[in-house]
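Reviewing the structure listed below.
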Amino acid sequence: MIREIAAARRALLTSEFPMQATATSIASDELHSRFASAQSVLVLTGAGVSAESGVPTFRGGGKTAVWKGMPFDVISSGAMLERNLPAVWEWFNYRRGVLRNLAPNAAHDTIAGWENRFERLTLVTQNVDGLHHLAGSRNVIELHGSVWRARCVTCDARTNLRESDHQEGVPVCFGCGDSMRPDVVLFGEMLPPGAFERAAMEAAACDLCFVVGTSAVVYPAASIPEIARAAGAYVVEVNPEPTPLSRICNEVLSGPAGEILPLID
Ligand code: BV8
Ligand code: ZN
């Protein structure tokens, strides 16, 4: 019965628009068959995949997250780090405090489960919250780093902040004694060496690409689904809102990722 309703809905949509399905319908027959036959899947996630875990998004509802009067892309910028490292640490120490009590949601769990379902699944995340790892995802490319790591500004040594009890101020490098910085890619900074290149290579080789919970405004991350589409992959967006990427997607599943992803089979 659900398939007949979904087919009737599809008949109403003209072909030049990506297929729309709501959270109540299941994926289209096309997605169902591609999901069954895919050998290589790429998932790109953004802050929306963590929304149902209680992690505030950056741009949801048309507003920009603000910290002490500064838009987040100002406090989270390379320029601010150069100017005022303690202020940047205050922002990241606060965020780790919030994240420490939050858990992965059904979207993270479903994506982690897909690793055992497909021959190859690459998860490319823009998120720095570490929730995909907590959910059990292993093949993860963290394009923007992680709030749970600090990196020495001098000797590049790294430390795991999930295991340390660092709460306040600027951590000091255990190796050389200099200051450490969040091991996170700030605005205006280069991505970790090789991260984007690896993600782009996987995007060019995948059969099926999911774009989950991103406003698709930050580059170069937002170009990953474009690479997948250009290489012939079937691209599916999962988001309650349309984004600049919606029009290049083959299918748009409109709704919260925690409800939609577990429904895809
Ligand atoms: C770079 C870590 C090369 C920090 C982040 C001037 C100088 C230099 C560069 C630039 C410049 N002008 C523009 C640029 C490029 C810039 C950029 O793209 N800017 C944009 C804003 C225009 N990019 C860079 O700077 C990148 N580096 O280009 O290097 C270079 C270097 C020097 C000089 C020239 C070039 C580095 C970008 C990385 C920045 N760091 N994060 C931190 O977290 O504090 S990016 C930040 O935005 C987060 O990581 C976040 O993940 C990312 C993207 O946001 P989204 O994840 O999409 O989140 P958002 O809130 O926007 O959207 C949430 C979505 O979820 C919404 O669509 C909503 O509808 C949906 N949603 C809500 N609930 C749900 C849901 N979906 C599903 N289910 C739900 N329940
Ligand atoms: Zn050091």
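Every chain in the structure tokens takes a letter, A first, then B, and so on in the order presented; its residues are numbered from 1, and the ligands are numbered from 1 following the presented order.
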
Could you give me, as JSON lines, every chain A residue with an atom at most 7 Å from ligand 1, plus its closest atom pair and distance in Å to one decimal, counting only C-alpha atoms and all ligand atoms, rows ordered by chain then number?
{"residue": "A:Thr45", "atom": "CA", "partner": "ligand 1", "partner_atom_place_in_ligand_line": "56 (O)", "distance": 6.9}
{"residue": "A:Gly46", "atom": "CA", "partner": "ligand 1", "partner_atom_place_in_ligand_line": "56 (O)", "distance": 3.2}
{"residue": "A:Ala47", "atom": "CA", "partner": "ligand 1", "partner_atom_place_in_ligand_line": "56 (O)", "distance": 3.8}
{"residue": "A:Gly48", "atom": "CA", "partner": "ligand 1", "partner_atom_place_in_ligand_line": "65 (O)", "distance": 3.2}
{"residue": "A:Val49", "atom": "CA", "partner": "ligand 1", "partner_atom_place_in_ligand_line": "78 (N)", "distance": 5.1}
{"residue": "A:Ala51", "atom": "CA", "partner": "ligand 1", "partner_atom_place_in_ligand_line": "80 (N)", "distance": 5.0}
{"residue": "A:Glu52", "atom": "CA", "partner": "ligand 1", "partner_atom_place_in_ligand_line": "80 (N)", "distance": 5.3}
{"residue": "A:Thr57", "atom": "CA", "partner": "ligand 1", "partner_atom_place_in_ligand_line": "60 (O)", "distance": 3.9}
{"residue": "A:Phe58", "atom": "CA", "partner": "ligand 1", "partner_atom_place_in_ligand_line": "60 (O)", "distance": 3.3}
{"residue": "A:Arg59", "atom": "CA", "partner": "ligand 1", "partner_atom_place_in_ligand_line": "60 (O)", "distance": 3.8}
{"residue": "A:Gly60", "atom": "CA", "partner": "ligand 1", "partner_atom_place_in_ligand_line": "60 (O)", "distance": 5.2}
{"residue": "A:Phe72", "atom": "CA", "partner": "ligand 1", "partner_atom_place_in_ligand_line": "44 (O)", "distance": 6.6}
{"residue": "A:Ser76", "atom": "CA", "partner": "ligand 1", "partner_atom_place_in_ligand_line": "44 (O)", "distance": 4.6}
{"residue": "A:Gln126", "atom": "CA", "partner": "ligand 1", "partner_atom_place_in_ligand_line": "51 (O)", "distance": 4.2}
{"residue": "A:Asn127", "atom": "CA", "partner": "ligand 1", "partner_atom_place_in_ligand_line": "51 (O)", "distance": 4.5}
{"residue": "A:Val128", "atom": "CA", "partner": "ligand 1", "partner_atom_place_in_ligand_line": "43 (O)", "distance": 5.9}
{"residue": "A:His144", "atom": "CA", "partner": "ligand 1", "partner_atom_place_in_ligand_line": "2 (C)", "distance": 5.2}
{"residue": "A:Val184", "atom": "CA", "partner": "ligand 1", "partner_atom_place_in_ligand_line": "2 (C)", "distance": 5.6}
{"residue": "A:Val185", "atom": "CA", "partner": "ligand 1", "partner_atom_place_in_ligand_line": "40 (N)", "distance": 5.0}
{"residue": "A:Leu186", "atom": "CA", "partner": "ligand 1", "partner_atom_place_in_ligand_line": "40 (N)", "distance": 4.4}
{"residue": "A:Phe187", "atom": "CA", "partner": "ligand 1", "partner_atom_place_in_ligand_line": "25 (O)", "distance": 3.7}
{"residue": "A:Gly188", "atom": "CA", "partner": "ligand 1", "partner_atom_place_in_ligand_line": "8 (C)", "distance": 3.6}
{"residue": "A:Glu189", "atom": "CA", "partner": "ligand 1", "partner_atom_place_in_ligand_line": "31 (C)", "distance": 4.6}
{"residue": "A:Met190", "atom": "CA", "partner": "ligand 1", "partner_atom_place_in_ligand_line": "29 (O)", "distance": 4.0}
{"residue": "A:Leu191", "atom": "CA", "partner": "ligand 1", "partner_atom_place_in_ligand_line": "27 (N)", "distance": 6.0}
{"residue": "A:Val212", "atom": "CA", "partner": "ligand 1", "partner_atom_place_in_ligand_line": "77 (C)", "distance": 5.9}
{"residue": "A:Gly213", "atom": "CA", "partner": "ligand 1", "partner_atom_place_in_ligand_line": "76 (N)", "distance": 3.3}
{"residue": "A:Thr214", "atom": "CA", "partner": "ligand 1", "partner_atom_place_in_ligand_line": "57 (O)", "distance": 3.3}
{"residue": "A:Ser215", "atom": "CA", "partner": "ligand 1", "partner_atom_place_in_ligand_line": "67 (O)", "distance": 3.5}
{"residue": "A:Ala216", "atom": "CA", "partner": "ligand 1", "partner_atom_place_in_ligand_line": "57 (O)", "distance": 5.2}
{"residue": "A:Val217", "atom": "CA", "partner": "ligand 1", "partner_atom_place_in_ligand_line": "20 (C)", "distance": 5.6}
{"residue": "A:Val218", "atom": "CA", "partner": "ligand 1", "partner_atom_place_in_ligand_line": "18 (O)", "distance": 3.4}
{"residue": "A:Tyr219", "atom": "CA", "partner": "ligand 1", "partner_atom_place_in_ligand_line": "18 (O)", "distance": 3.7}
{"residue": "A:Pro220", "atom": "CA", "partner": "ligand 1", "partner_atom_place_in_ligand_line": "28 (O)", "distance": 6.0}
{"residue": "A:Val238", "atom": "CA", "partner": "ligand 1", "partner_atom_place_in_ligand_line": "77 (C)", "distance": 5.9}
{"residue": "A:Asn239", "atom": "CA", "partner": "ligand 1", "partner_atom_place_in_ligand_line": "76 (N)", "distance": 4.0}
{"residue": "A:Pro240", "atom": "CA", "partner": "ligand 1", "partner_atom_place_in_ligand_line": "69 (O)", "distance": 5.4}
{"residue": "A:Glu241", "atom": "CA", "partner": "ligand 1", "partner_atom_place_in_ligand_line": "69 (O)", "distance": 4.6}
{"residue": "A:Thr243", "atom": "CA", "partner": "ligand 1", "partner_atom_place_in_ligand_line": "67 (O)", "distance": 6.3}
{"residue": "A:Gly255", "atom": "CA", "partner": "ligand 1", "partner_atom_place_in_ligand_line": "78 (N)", "distance": 6.4}
{"residue": "A:Pro256", "atom": "CA", "partner": "ligand 1", "partner_atom_place_in_ligand_line": "78 (N)", "distance": 3.6}
{"residue": "A:Ala257", "atom": "CA", "partner": "ligand 1", "partner_atom_place_in_ligand_line": "78 (N)", "distance": 3.8}
{"residue": "A:Gly258", "atom": "CA", "partner": "ligand 1", "partner_atom_place_in_ligand_line": "80 (N)", "distance": 6.3}

**Item:** alpha helix (DSSP H) residues, from DSSP on the backbone, in stretch 65-141 of chain A, as a PyMOL selection string
**Value:** chain A and resi 72-75+78-83+85-99+106-114+131-135

**Request:** Check stretch 14-137 of chain A with DSSP on the backbone and list each residue it calls strand (DSSP E), as number ranges by chain.
**Result:** A: 19-22, 40-45, 66-67, 70-71, 120-125

Residues of chain A that have any atom at most 7 Å from an atom of ligand 2: could you tabulate them with the shortest-distance atom pair and the distance in Å to one decimal, using only C-alpha atoms and all ligand atoms, ordered by chain and increasing number, as a tab-separated table?
residue	atom	partner	partner_atom_place_in_ligand_line	distance
A:Cys152	CA	ligand 2	1 (Zn)	4.6
A:Val153	CA	ligand 2	1 (Zn)	6.6
A:Thr154	CA	ligand 2	1 (Zn)	5.1
A:Cys155	CA	ligand 2	1 (Zn)	4.0
A:Asp156	CA	ligand 2	1 (Zn)	6.0
A:Ala157	CA	ligand 2	1 (Zn)	5.4
A:Cys173	CA	ligand 2	1 (Zn)	4.6
A:Phe174	CA	ligand 2	1 (Zn)	6.7
A:Gly175	CA	ligand 2	1 (Zn)	4.9
A:Cys176	CA	ligand 2	1 (Zn)	4.0
A:Gly177	CA	ligand 2	1 (Zn)	5.8
A:Asp178	CA	ligand 2	1 (Zn)	5.3

**Item:** Nearest-residue call for A:Trp114, choices A:Ala27, A:Val41, A:Leu131, A:Ala87, using only C-alpha atoms
**Value:** A:Val41

**Prompt:** Out of A:Arg83, A:Arg120, A:Arg138, A:Arg198, which residue has the shortest atom-to-atom distance to A:His108 when counting only C-alpha atoms?
**Reply:** A:Arg138

**Complete:** From the list A:Met180, A:Glu202, A:Leu208, A:Gly194, the nearest residue to A:Leu85 using only C-alpha atoms is A:Met180
